[in-house]
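Here's protein-v8.cif, which has mmCIF, C-alpha atoms:
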data_run
#
loop_
_atom_site.label_atom_id
_atom_site.label_comp_id
_atom_site.auth_asym_id
_atom_site.auth_seq_id
_atom_site.Cartn_x
_atom_site.Cartn_y
_atom_site.Cartn_z
CA MET A 29 0.00 0.00 0.00
CA SER A 30 1.18 3.54 -0.69
CA LEU A 31 2.57 5.21 2.42
CA SER A 32 2.08 8.65 0.85
CA THR A 33 -1.68 8.41 1.47
CA ALA A 34 -1.65 6.06 4.47
CA GLN A 35 -3.28 7.04 7.75
CA PRO A 36 -1.25 6.54 10.94
CA ALA A 37 -2.32 3.81 13.37
CA LEU A 38 -1.16 2.81 16.84
CA LEU A 39 -0.92 -0.56 18.57
CA VAL A 40 -0.37 -0.58 22.34
CA LEU A 41 0.00 -3.69 24.52
CA ALA A 42 -1.07 -3.88 28.16
CA ASP A 43 2.54 -3.76 29.35
CA GLY A 44 3.03 -0.39 27.63
CA THR A 45 4.85 -1.62 24.53
CA ALA A 46 3.81 0.44 21.51
CA TYR A 47 4.06 -0.11 17.75
CA ARG A 48 3.34 2.65 15.25
CA GLY A 49 2.23 1.78 11.76
CA TRP A 50 -0.40 2.54 9.18
CA SER A 51 -4.13 1.93 9.00
CA PHE A 52 -6.00 -0.52 6.82
CA GLY A 53 -9.66 -1.17 7.38
CA ALA A 54 -11.92 1.05 9.47
CA ASP A 55 -11.13 4.22 11.38
CA ALA A 56 -11.78 2.98 14.89
CA THR A 57 -10.39 2.02 18.28
CA VAL A 58 -10.63 -1.58 19.49
CA VAL A 59 -9.26 -3.54 22.43
CA GLY A 60 -8.81 -7.31 22.65
CA GLU A 61 -6.39 -10.13 23.31
CA VAL A 62 -3.45 -9.96 20.90
CA VAL A 63 -2.55 -13.39 19.47
CA PHE A 64 -0.68 -14.65 16.41
CA ASN A 65 -1.57 -17.07 13.61
CA THR A 66 1.26 -18.78 11.71
CA GLY A 67 -0.74 -19.90 8.65
CA MET A 68 0.55 -18.88 5.24
CA THR A 69 -2.93 -18.90 3.69
CA GLY A 70 -6.60 -18.78 4.64
CA TYR A 71 -6.72 -15.30 6.17
CA GLN A 72 -10.41 -14.89 5.31
CA GLU A 73 -11.32 -18.09 7.15
CA VAL A 74 -9.33 -16.80 10.13
CA LEU A 75 -11.09 -13.43 10.05
CA THR A 76 -14.54 -15.06 10.06
CA ASP A 77 -13.87 -17.91 12.52
CA PRO A 78 -16.06 -17.23 15.61
CA SER A 79 -13.33 -18.75 17.80
CA TYR A 80 -11.39 -15.48 17.26
CA CYS A 81 -14.14 -13.34 18.78
CA GLY A 82 -12.58 -10.90 21.25
CA GLN A 83 -9.10 -11.15 19.74
CA ILE A 84 -6.76 -9.03 17.66
CA VAL A 85 -4.93 -11.36 15.28
CA THR A 86 -1.32 -10.92 14.21
CA PHE A 87 -0.63 -12.63 10.88
CA THR A 88 2.97 -13.87 10.84
CA TYR A 89 2.95 -14.40 7.07
CA PRO A 90 4.28 -11.08 5.76
CA GLU A 91 1.73 -10.50 2.96
CA LEU A 92 -1.99 -10.08 3.60
CA GLY A 93 -4.86 -9.36 1.23
CA ASN A 94 -3.21 -10.57 -1.99
CA THR A 95 -6.27 -12.60 -3.04
CA GLY A 96 -8.94 -10.27 -1.64
CA VAL A 97 -12.08 -11.81 -0.15
CA ASN A 98 -15.12 -13.65 -1.45
CA LEU A 99 -18.41 -14.83 0.05
CA GLU A 100 -17.65 -18.54 -0.45
CA ASP A 101 -14.73 -18.58 1.99
CA GLU A 102 -16.52 -17.07 4.98
CA GLU A 103 -16.78 -19.31 8.04
CA SER A 104 -19.61 -17.21 9.48
CA SER A 105 -21.79 -14.29 8.43
CA ARG A 106 -19.16 -11.62 9.14
CA PRO A 107 -15.59 -11.10 10.41
CA GLN A 108 -15.33 -12.05 14.08
CA ILE A 109 -11.93 -10.61 15.03
CA ARG A 110 -11.62 -7.31 16.86
CA GLY A 111 -8.71 -6.17 14.72
CA ALA A 112 -5.92 -7.30 12.39
CA ILE A 113 -2.14 -6.82 12.42
CA ALA A 114 0.01 -7.34 9.31
CA ARG A 115 3.49 -6.61 7.98
CA ASN A 116 2.27 -5.60 4.54
CA VAL A 117 -1.17 -5.38 2.94
CA SER A 118 -1.96 -5.54 -0.77
CA SER A 119 -4.29 -2.81 -2.02
CA ARG A 120 -4.68 -4.48 -5.44
CA PRO A 121 -5.84 -8.08 -4.91
CA SER A 122 -5.53 -10.51 -7.80
CA ASN A 123 -7.64 -13.68 -7.86
CA TRP A 124 -10.42 -14.89 -10.12
CA ARG A 125 -12.66 -15.50 -7.08
CA CYS A 126 -12.07 -12.08 -5.52
CA SER A 127 -15.18 -9.93 -5.00
CA GLN A 128 -13.78 -7.30 -2.63
CA SER A 129 -10.47 -6.06 -1.26
CA LEU A 130 -9.51 -6.94 2.30
CA GLN A 131 -9.43 -3.27 3.29
CA ASP A 132 -12.95 -2.60 2.01
CA TYR A 133 -14.18 -5.78 3.67
CA LEU A 134 -12.88 -4.69 7.08
CA LYS A 135 -14.22 -1.16 6.59
CA GLN A 136 -17.65 -2.61 5.84
CA TYR A 137 -17.71 -4.20 9.30
CA ASP A 138 -15.97 -1.37 11.20
CA ILE A 139 -12.88 -3.45 11.98
CA PRO A 140 -9.51 -1.65 12.10
CA GLY A 141 -6.14 -3.02 11.11
CA ILE A 142 -2.55 -1.89 11.43
CA TYR A 143 0.28 -2.70 9.02
CA GLY A 144 3.88 -1.70 8.54
CA ILE A 145 5.03 -2.90 11.96
CA ASP A 146 7.61 -5.60 12.70
CA THR A 147 5.30 -8.61 13.13
CA ARG A 148 8.31 -10.86 13.80
CA ALA A 149 9.23 -8.78 16.85
CA LEU A 150 5.60 -8.71 18.00
CA THR A 151 5.29 -12.49 17.65
CA ARG A 152 8.49 -13.04 19.64
CA LYS A 153 7.12 -10.69 22.26
CA ILE A 154 3.89 -12.71 22.58
CA ARG A 155 5.84 -15.97 22.73
CA THR A 156 7.91 -14.51 25.58
CA VAL A 157 5.26 -12.80 27.71
CA GLY A 158 2.20 -14.73 26.51
CA ALA A 159 -0.99 -13.60 24.79
CA ILE A 160 -1.68 -10.11 26.08
CA ASN A 161 -4.41 -7.52 25.81
CA GLY A 162 -3.79 -4.73 23.37
CA GLY A 163 -5.48 -1.97 21.44
CA ILE A 164 -5.43 -0.73 17.85
CA SER A 165 -6.49 2.82 17.08
CA THR A 166 -6.53 5.24 14.21
CA THR A 167 -8.36 7.85 16.33
CA ILE A 168 -6.22 7.72 19.50
CA LEU A 169 -2.56 8.18 18.65
CA ASP A 170 -1.47 9.09 22.17
CA GLN A 171 0.21 6.03 23.68
CA ALA A 172 -0.79 6.76 27.31
CA GLU A 173 -4.43 7.38 26.43
CA LEU A 174 -4.79 4.13 24.47
CA LEU A 175 -2.90 2.19 27.16
CA GLU A 176 -5.47 3.31 29.72
CA GLN A 177 -8.27 1.72 27.67
CA VAL A 178 -6.27 -1.47 27.18
CA GLN A 179 -5.56 -1.87 30.89
CA ASP A 180 -9.26 -1.49 31.69
CA ALA A 181 -10.21 -4.43 29.43
CA PRO A 182 -11.02 -7.83 30.98
CA SER A 183 -8.67 -10.79 30.69
CA MET A 184 -9.58 -13.67 28.39
CA ASP A 185 -9.09 -15.95 31.39
CA GLY A 186 -12.58 -16.36 32.84
CA LEU A 187 -14.34 -14.62 29.92
CA ASN A 188 -17.48 -16.19 28.39
CA LEU A 189 -17.85 -14.96 24.79
CA VAL A 190 -20.15 -17.70 23.50
CA GLN A 191 -23.31 -15.59 23.68
CA GLU A 192 -21.71 -13.12 21.27
CA VAL A 193 -21.40 -15.71 18.50
CA THR A 194 -24.00 -18.45 19.04
CA THR A 195 -27.05 -18.62 16.79
CA ARG A 196 -30.19 -16.94 18.11
CA GLU A 197 -32.54 -19.38 16.38
CA VAL A 198 -32.58 -23.08 15.59
CA TYR A 199 -31.78 -23.85 11.95
CA GLU A 200 -31.09 -26.90 9.82
CA TRP A 201 -27.96 -27.28 7.69
CA SER A 202 -27.87 -29.59 4.67
CA GLU A 203 -25.25 -28.05 2.36
CA ALA A 204 -22.35 -30.46 1.81
CA THR A 205 -18.85 -29.58 0.67
CA ASP A 206 -19.02 -28.46 -2.96
CA SER A 207 -17.99 -31.22 -5.34
CA VAL A 208 -15.26 -28.97 -6.73
CA TRP A 209 -13.58 -28.95 -3.31
CA GLU A 210 -14.41 -32.49 -2.13
CA PHE A 211 -11.23 -34.32 -1.19
CA SER A 212 -12.31 -37.52 0.61
CA PRO A 213 -12.91 -40.76 -1.31
CA THR A 214 -14.90 -42.23 1.62
CA VAL A 215 -17.40 -39.42 1.95
CA LYS A 216 -20.42 -41.20 0.40
CA PRO A 217 -23.01 -42.31 3.00
CA ALA A 218 -23.72 -46.05 2.90
CA ASN A 219 -27.08 -47.04 1.35
CA GLY A 220 -28.36 -43.48 1.44
CA GLU A 221 -28.43 -43.44 5.24
CA MET A 222 -29.07 -40.12 6.97
CA TRP A 223 -28.10 -39.31 10.53
CA THR A 224 -29.78 -36.64 12.63
CA VAL A 225 -27.15 -34.63 14.51
CA VAL A 226 -27.91 -31.81 16.92
CA ALA A 227 -25.02 -29.33 16.95
CA LEU A 228 -24.66 -27.19 20.05
CA ASP A 229 -23.40 -23.89 18.65
CA PHE A 230 -20.66 -22.30 20.74
CA GLY A 231 -19.40 -20.51 17.60
CA ILE A 232 -19.58 -23.10 14.84
CA LYS A 233 -17.74 -22.82 11.52
CA ARG A 234 -19.60 -23.36 8.26
CA ASN A 235 -17.11 -25.88 6.94
CA ILE A 236 -17.62 -28.08 9.98
CA LEU A 237 -21.30 -28.13 9.07
CA ARG A 238 -20.43 -28.90 5.44
CA ARG A 239 -18.25 -31.85 6.43
CA LEU A 240 -21.00 -33.29 8.65
CA ALA A 241 -23.47 -32.93 5.78
CA SER A 242 -21.00 -34.53 3.36
CA TYR A 243 -20.92 -37.62 5.56
CA GLY A 244 -24.69 -37.98 5.50
CA CYS A 245 -25.71 -35.94 8.53
CA ARG A 246 -28.87 -33.87 8.80
CA VAL A 247 -27.58 -31.15 11.13
CA ILE A 248 -29.88 -29.22 13.44
CA VAL A 249 -27.97 -26.26 14.90
CA VAL A 250 -29.24 -24.98 18.25
CA PRO A 251 -28.23 -22.03 20.46
CA ALA A 252 -25.62 -22.64 23.15
CA ASP A 253 -28.19 -22.20 25.94
CA THR A 254 -30.58 -24.86 24.61
CA SER A 255 -31.64 -27.25 27.36
CA PRO A 256 -30.85 -30.98 27.24
CA GLU A 257 -34.57 -31.70 27.15
CA GLU A 258 -35.06 -29.55 24.04
CA ILE A 259 -32.06 -31.17 22.34
CA LEU A 260 -33.33 -34.69 22.98
CA LYS A 261 -36.77 -33.81 21.57
CA TYR A 262 -35.15 -33.97 18.12
CA ASN A 263 -34.32 -37.63 18.82
CA PRO A 264 -30.78 -37.18 17.50
CA ASP A 265 -28.56 -40.04 16.45
CA GLY A 266 -25.60 -38.01 17.67
CA ILE A 267 -24.68 -34.75 19.37
CA PHE A 268 -21.97 -32.39 18.19
CA LEU A 269 -20.22 -29.83 20.42
CA SER A 270 -18.74 -27.02 18.33
CA ASN A 271 -15.74 -24.74 18.48
CA GLY A 272 -16.07 -21.30 20.07
CA PRO A 273 -14.28 -18.36 21.71
CA GLY A 274 -13.25 -17.45 25.24
CA ASP A 275 -12.58 -19.48 28.36
CA PRO A 276 -14.38 -22.87 28.19
CA ALA A 277 -14.58 -23.13 31.99
CA ALA A 278 -16.71 -19.96 31.98
CA VAL A 279 -19.33 -21.58 29.74
CA THR A 280 -21.01 -23.16 32.75
CA GLU A 281 -24.40 -23.64 31.09
CA GLY A 282 -22.83 -25.50 28.17
CA ILE A 283 -20.86 -27.73 30.53
CA ALA A 284 -24.02 -28.57 32.50
CA THR A 285 -25.90 -29.32 29.26
CA ALA A 286 -23.14 -31.60 28.00
CA LYS A 287 -23.01 -33.40 31.34
CA ALA A 288 -26.77 -34.02 31.24
CA LEU A 289 -26.58 -35.26 27.64
CA LEU A 290 -23.98 -37.89 28.56
CA LYS A 291 -26.76 -39.78 30.34
CA SER A 292 -28.61 -40.24 27.04
CA ASP A 293 -25.96 -42.67 25.72
CA LYS A 294 -25.95 -40.75 22.43
CA PRO A 295 -22.64 -40.53 20.54
CA VAL A 296 -20.94 -37.19 21.18
CA PHE A 297 -18.23 -35.55 19.07
CA GLY A 298 -16.51 -32.34 20.20
CA ILE A 299 -14.15 -30.01 18.33
CA CYS A 300 -11.98 -27.28 19.91
CA MET A 301 -14.14 -25.64 22.60
CA GLY A 302 -16.47 -28.63 22.21
CA HIS A 303 -13.50 -30.83 23.16
CA GLN A 304 -12.89 -28.73 26.25
CA ILE A 305 -16.59 -28.63 27.17
CA LEU A 306 -16.76 -32.42 26.88
CA GLY A 307 -13.69 -32.79 29.08
CA LEU A 308 -15.10 -30.39 31.66
CA SER A 309 -18.42 -32.26 31.68
CA LEU A 310 -16.48 -35.43 32.47
CA GLY A 311 -14.84 -33.82 35.50
CA ALA A 312 -11.60 -32.55 33.97
CA GLU A 313 -10.14 -29.07 34.37
CA THR A 314 -8.78 -26.62 31.80
CA PHE A 315 -5.98 -24.06 31.90
CA LYS A 316 -4.87 -21.14 29.76
CA LEU A 317 -1.95 -21.73 27.43
CA LYS A 318 0.83 -19.16 27.38
CA PHE A 319 0.27 -18.09 23.77
CA GLY A 320 -2.04 -20.77 22.36
CA HIS A 321 -1.98 -22.81 19.18
CA ARG A 322 -3.07 -20.94 16.06
CA GLY A 323 -1.90 -22.17 12.68
CA LEU A 324 -2.16 -24.82 9.98
CA ASN A 325 0.73 -27.18 10.65
CA HIS A 326 0.50 -28.41 14.25
CA PRO A 327 1.49 -32.08 14.57
CA ALA A 328 -0.88 -34.19 16.64
CA GLY A 329 -0.77 -37.88 17.47
CA LEU A 330 0.11 -40.43 20.10
CA THR A 331 1.67 -43.58 18.65
CA GLN A 332 2.80 -44.56 15.14
CA GLN A 333 0.71 -41.96 13.26
CA VAL A 334 1.06 -38.18 13.15
CA GLU A 335 -1.59 -35.82 11.76
CA ILE A 336 -0.73 -32.31 10.61
CA THR A 337 -3.61 -30.23 11.89
CA SER A 338 -5.26 -26.83 11.83
CA GLN A 339 -5.55 -25.37 15.33
CA ASN A 340 -6.99 -22.27 16.98
CA HIS A 341 -7.30 -22.25 20.75
CA GLY A 342 -5.86 -20.64 23.85
CA PHE A 343 -6.92 -23.18 26.50
CA ALA A 344 -6.20 -26.88 27.05
CA ILE A 345 -7.34 -29.76 29.25
CA ASP A 346 -5.19 -30.62 32.26
CA PRO A 347 -4.22 -34.28 31.73
CA ASP A 348 -3.80 -34.86 35.47
CA SER A 349 -7.47 -33.99 36.01
CA LEU A 350 -8.84 -36.71 33.71
CA VAL A 351 -10.81 -39.52 35.31
CA PRO A 352 -9.67 -43.13 34.69
CA GLU A 353 -12.62 -43.76 32.33
CA VAL A 354 -11.23 -41.22 29.85
CA GLU A 355 -8.12 -41.81 27.77
CA ILE A 356 -5.95 -39.45 25.74
CA THR A 357 -5.99 -40.26 22.02
CA HIS A 358 -3.88 -37.37 20.69
CA LEU A 359 -1.24 -34.98 21.96
CA ASN A 360 -0.07 -31.75 20.40
CA LEU A 361 3.43 -32.95 19.56
CA ASN A 362 4.95 -29.48 19.87
CA ASP A 363 4.24 -29.10 23.59
CA ARG A 364 2.61 -32.45 24.59
CA THR A 365 -0.70 -30.85 25.61
CA VAL A 366 -3.90 -32.90 25.28
CA ALA A 367 -5.26 -32.78 21.71
CA GLY A 368 -7.79 -35.63 21.73
CA LEU A 369 -9.90 -37.70 24.14
CA LYS A 370 -12.27 -40.62 24.15
CA HIS A 371 -14.32 -42.40 26.80
CA LYS A 372 -13.41 -46.04 27.35
CA THR A 373 -16.99 -47.32 27.50
CA LEU A 374 -19.30 -44.53 26.24
CA PRO A 375 -19.47 -43.30 22.60
CA LEU A 376 -17.77 -40.00 23.34
CA PHE A 377 -14.70 -38.51 21.69
CA SER A 378 -13.22 -35.11 20.89
CA VAL A 379 -10.22 -33.33 19.42
CA GLN A 380 -8.67 -29.97 20.21
CA TYR A 381 -7.94 -29.18 16.57
CA HIS A 382 -10.08 -28.48 13.47
CA PRO A 383 -10.49 -31.59 11.27
CA GLU A 384 -12.61 -29.68 8.73
CA ALA A 385 -9.31 -28.00 7.77
CA SER A 386 -10.59 -24.64 6.61
CA PRO A 387 -7.93 -23.59 6.15
CA GLY A 388 -5.41 -26.39 6.57
CA PRO A 389 -4.50 -29.99 5.72
CA HIS A 390 -7.03 -32.83 5.46
CA ASP A 391 -5.24 -35.41 7.60
CA ALA A 392 -7.97 -35.47 10.25
CA ASP A 393 -11.07 -35.59 8.05
CA TYR A 394 -11.52 -39.26 9.00
CA LEU A 395 -12.89 -38.10 12.37
CA PHE A 396 -16.21 -37.17 10.75
CA ASP A 397 -16.42 -40.71 9.39
CA ARG A 398 -15.61 -42.01 12.88
CA PHE A 399 -18.54 -40.01 14.27
CA VAL A 400 -20.88 -41.52 11.68
CA GLN A 401 -19.59 -45.00 12.49
CA SER A 402 -20.19 -44.32 16.17
CA MET A 403 -23.81 -43.42 15.41
CA ARG A 404 -24.16 -46.49 13.22
CA ASP A 405 -22.81 -48.78 15.96
CA ASN A 406 -24.97 -47.14 18.60
CA GLN A 407 -28.07 -47.67 16.47
CA LYS A 408 -27.26 -51.38 16.15
CA VAL A 409 -26.84 -51.70 19.91
CA ALA A 410 -30.11 -49.89 20.54
CA SER A 411 -32.04 -52.03 18.03
CA SER A 412 -30.70 -55.25 19.57
CA LYS A 413 -32.07 -54.44 23.02
#
In structure tokens, what does this structure look like?
Amino acid sequence: MSLSTAQPALLVLADGTAYRGWSFGADATVVGEVVFNTGMTGYQEVLTDPSYCGQIVTFTYPELGNTGVNLEDEESSRPQIRGAIARNVSSRPSNWRCSQSLQDYLKQYDIPGIYGIDTRALTRKIRTVGAINGGISTTILDQAELLEQVQDAPSMDGLNLVQEVTTREVYEWSEATDSVWEFSPTVKPANGEMWTVVALDFGIKRNILRRLASYGCRVIVVPADTSPEEILKYNPDGIFLSNGPGDPAAVTEGIATAKALLKSDKPVFGICMGHQILGLSLGAETFKLKFGHRGLNHPAGLTQQVEITSQNHGFAIDPDSLVPEVEITHLNLNDRTVAGLKHKTLPLFSVQYHPEASPGPHDADYLFDRFVQSMRDNQKVASSK
């Protein structure tokens, strides 16, 4: 972007560290938790992932906006981040699918961004001190004044953001992954079978819904505060616990709902926050990671097989708090934190990462097939009684 016409912008962290750069996006002031994402692609999916609600995202890849944005790649109805931080931003996107520039897209939703700062130094800072609150402003360029707003903001630890992103109404999702993008040879449902899945929406991504539909699931998406009784009225074959933002331990209503649903003996599959909610409902505890896992190439596994996974989370399950009936199926192989669980006797399992891989690799797509197989097996058990 041309610096001759650029508007100044300021980034201030809660410890007083300041970075001066240039504005892209809206003229505004925002405060949130500053985190970094190491992916080299998929910035639009990151912007629209509800799990980033309340956060200002630093993109470590040095170029942003080169391919613009388009409606097909949105993971929700609008950008969910508070603000964006980049090294350089393209003002002339070039891609045959592009319908709008990144700058205009952010302006449309009143989201500010700052570019022209040393994102390598900022990332090293976050890795050293941990994810930290910060503020971006194009309207407040006085460091002390912006710092005062930042220091008044609540910590992500203990913050429940689910009600900001959950659906307000029940809806049904039937759109599968477009055939142009389909990548799994095993995606065809057997004998035209259809499985009714109730998805508890803590901040669900559209491509998770598409993958469930691709594997033959009729998905009924319900608000996060839906009661267990209402969920079971749909007579689901399985229950899905979605991804979402904030501190999972603060989502007490969701934990209580999940705990009550365990008594139904229905298969349960959790992703990201859904993984943490499932763990908490089984008596485990969670803790805040220093700077989280946000990127497209995190190795996860346990024995013999490693999956390269897409991840976006700032909390993890404490392995020492797991009850004997629950076993660890995957670890994040970078730091050995819990990345997957399953119950030894009940049809319950979850993963900390994003197997729908939007963006990211497709190594973990088999987990949707595993969920369908769990529902299939549970139906056979139920019919034999």
**Q.** Who sits within 7 Å of Met301 of chain A, only C-alpha atoms, same chain under 4 positions skipped, as a PyMOL selection string
**A.** chain A and resi 270-272+276+305
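Atom CA of Trp201 of chain A to atom CA of Gly244 of chain A spans 11.4 Å [interatomic distance, one decimal].
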Q | Interatomic distance (Å, one decimal) between atom CA of Ile345 of chain A and atom CA of Ala312 of chain A | A | 6.9 Å
**Q.** Spatial neighbours of Arg48 of chain A, 12 Å, only C-alpha atoms, chain gap at least 6 places, as a VMD selection string
**A.** chain A and resid 35 to 41 113 115 141 to 147 150 163 to 166 168 to 171
Could you write out that same residue set with C-alpha atoms as a PDB file, in the coordinates of the input?
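selection02.pdb was written with the following content:
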ATOM      1  CA  GLN A  35      -3.280   7.040   7.750  1.00  0.00           C
ATOM      2  CA  PRO A  36      -1.250   6.540  10.940  1.00  0.00           C
ATOM      3  CA  ALA A  37      -2.320   3.810  13.370  1.00  0.00           C
ATOM      4  CA  LEU A  38      -1.160   2.810  16.840  1.00  0.00           C
ATOM      5  CA  LEU A  39      -0.920  -0.560  18.570  1.00  0.00           C
ATOM      6  CA  VAL A  40      -0.370  -0.580  22.340  1.00  0.00           C
ATOM      7  CA  LEU A  41       0.000  -3.690  24.520  1.00  0.00           C
ATOM      8  CA  ILE A 113      -2.140  -6.820  12.420  1.00  0.00           C
ATOM      9  CA  ARG A 115       3.490  -6.610   7.980  1.00  0.00           C
ATOM     10  CA  GLY A 141      -6.140  -3.020  11.110  1.00  0.00           C
ATOM     11  CA  ILE A 142      -2.550  -1.890  11.430  1.00  0.00           C
ATOM     12  CA  TYR A 143       0.280  -2.700   9.020  1.00  0.00           C
ATOM     13  CA  GLY A 144       3.880  -1.700   8.540  1.00  0.00           C
ATOM     14  CA  ILE A 145       5.030  -2.900  11.960  1.00  0.00           C
ATOM     15  CA  ASP A 146       7.610  -5.600  12.700  1.00  0.00           C
ATOM     16  CA  THR A 147       5.300  -8.610  13.130  1.00  0.00           C
ATOM     17  CA  LEU A 150       5.600  -8.710  18.000  1.00  0.00           C
ATOM     18  CA  GLY A 163      -5.480  -1.970  21.440  1.00  0.00           C
ATOM     19  CA  ILE A 164      -5.430  -0.730  17.850  1.00  0.00           C
ATOM     20  CA  SER A 165      -6.490   2.820  17.080  1.00  0.00           C
ATOM     21  CA  THR A 166      -6.530   5.240  14.210  1.00  0.00           C
ATOM     22  CA  ILE A 168      -6.220   7.720  19.500  1.00  0.00           C
ATOM     23  CA  LEU A 169      -2.560   8.180  18.650  1.00  0.00           C
ATOM     24  CA  ASP A 170      -1.470   9.090  22.170  1.00  0.00           C
ATOM     25  CA  GLN A 171       0.210   6.030  23.680  1.00  0.00           C
TER      26      GLN A 171
END
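Nearest to His371 of chain A of all the residues A:Leu306, A:Val117, A:Met403, A:Ile336 is A:Leu306, based on only C-alpha atoms.
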Q: Select, from A:Thr373, A:Thr45, A:Gln332, A:Ser412, the residue with the minimum atom-to-atom distance to Ile160 of chain A, counting only C-alpha atoms.
A: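 Nearest to Ile160 of chain A: A:Thr45.
Atom pair atom CA of Gly368 of chain A / atom CA of Leu289 of chain A: separated by 19.7 Å.
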Q: Please evaluate the PyMOL selection byres ((chain A and resi 383) around 12) against the displayed coordinates and give the resulting residues as a PyMOL selection string.
A: chain A and resi 233+235-240+270-271+297-300+324+326+328+335-340+367-368+378-382+384-398
Q: Please evaluate the PyMOL selection byres ((chain A and resi 344) around 6) against the displayed coordinates and give the resulting residues as a PyMOL selection string.
A: chain A and resi 314-315+343+345
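Closest to Pro140 of chain A among A:Val97, A:Ala56, A:Val74, A:Met68 is A:Ala56, based on all atoms listed in the file.
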Q | A:Ala159, A:Val400, A:Leu134, A:Val58 ranked by distance to Val225 of chain A, top pick (using only C-alpha atoms) | A |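 For Val225 of chain A, the nearest of the given residues is A:Val400.
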Q) Given the choices A:His341, A:Arg106, A:Arg364, A:Arg155, which gets closest to Pro273 of chain A if the distance is worked out from all atoms listed in the file? A) A:His341
Q: Run the PyMOL selection byres ((chain A and resi 139) around 12) mentally over the shown coordinates, then write out the matched residues as number ranges by chain, using the chain letters and numbers from the document.
A: A: 51-59, 75-76, 82-85, 106-113, 130-138, 140-142, 164-166
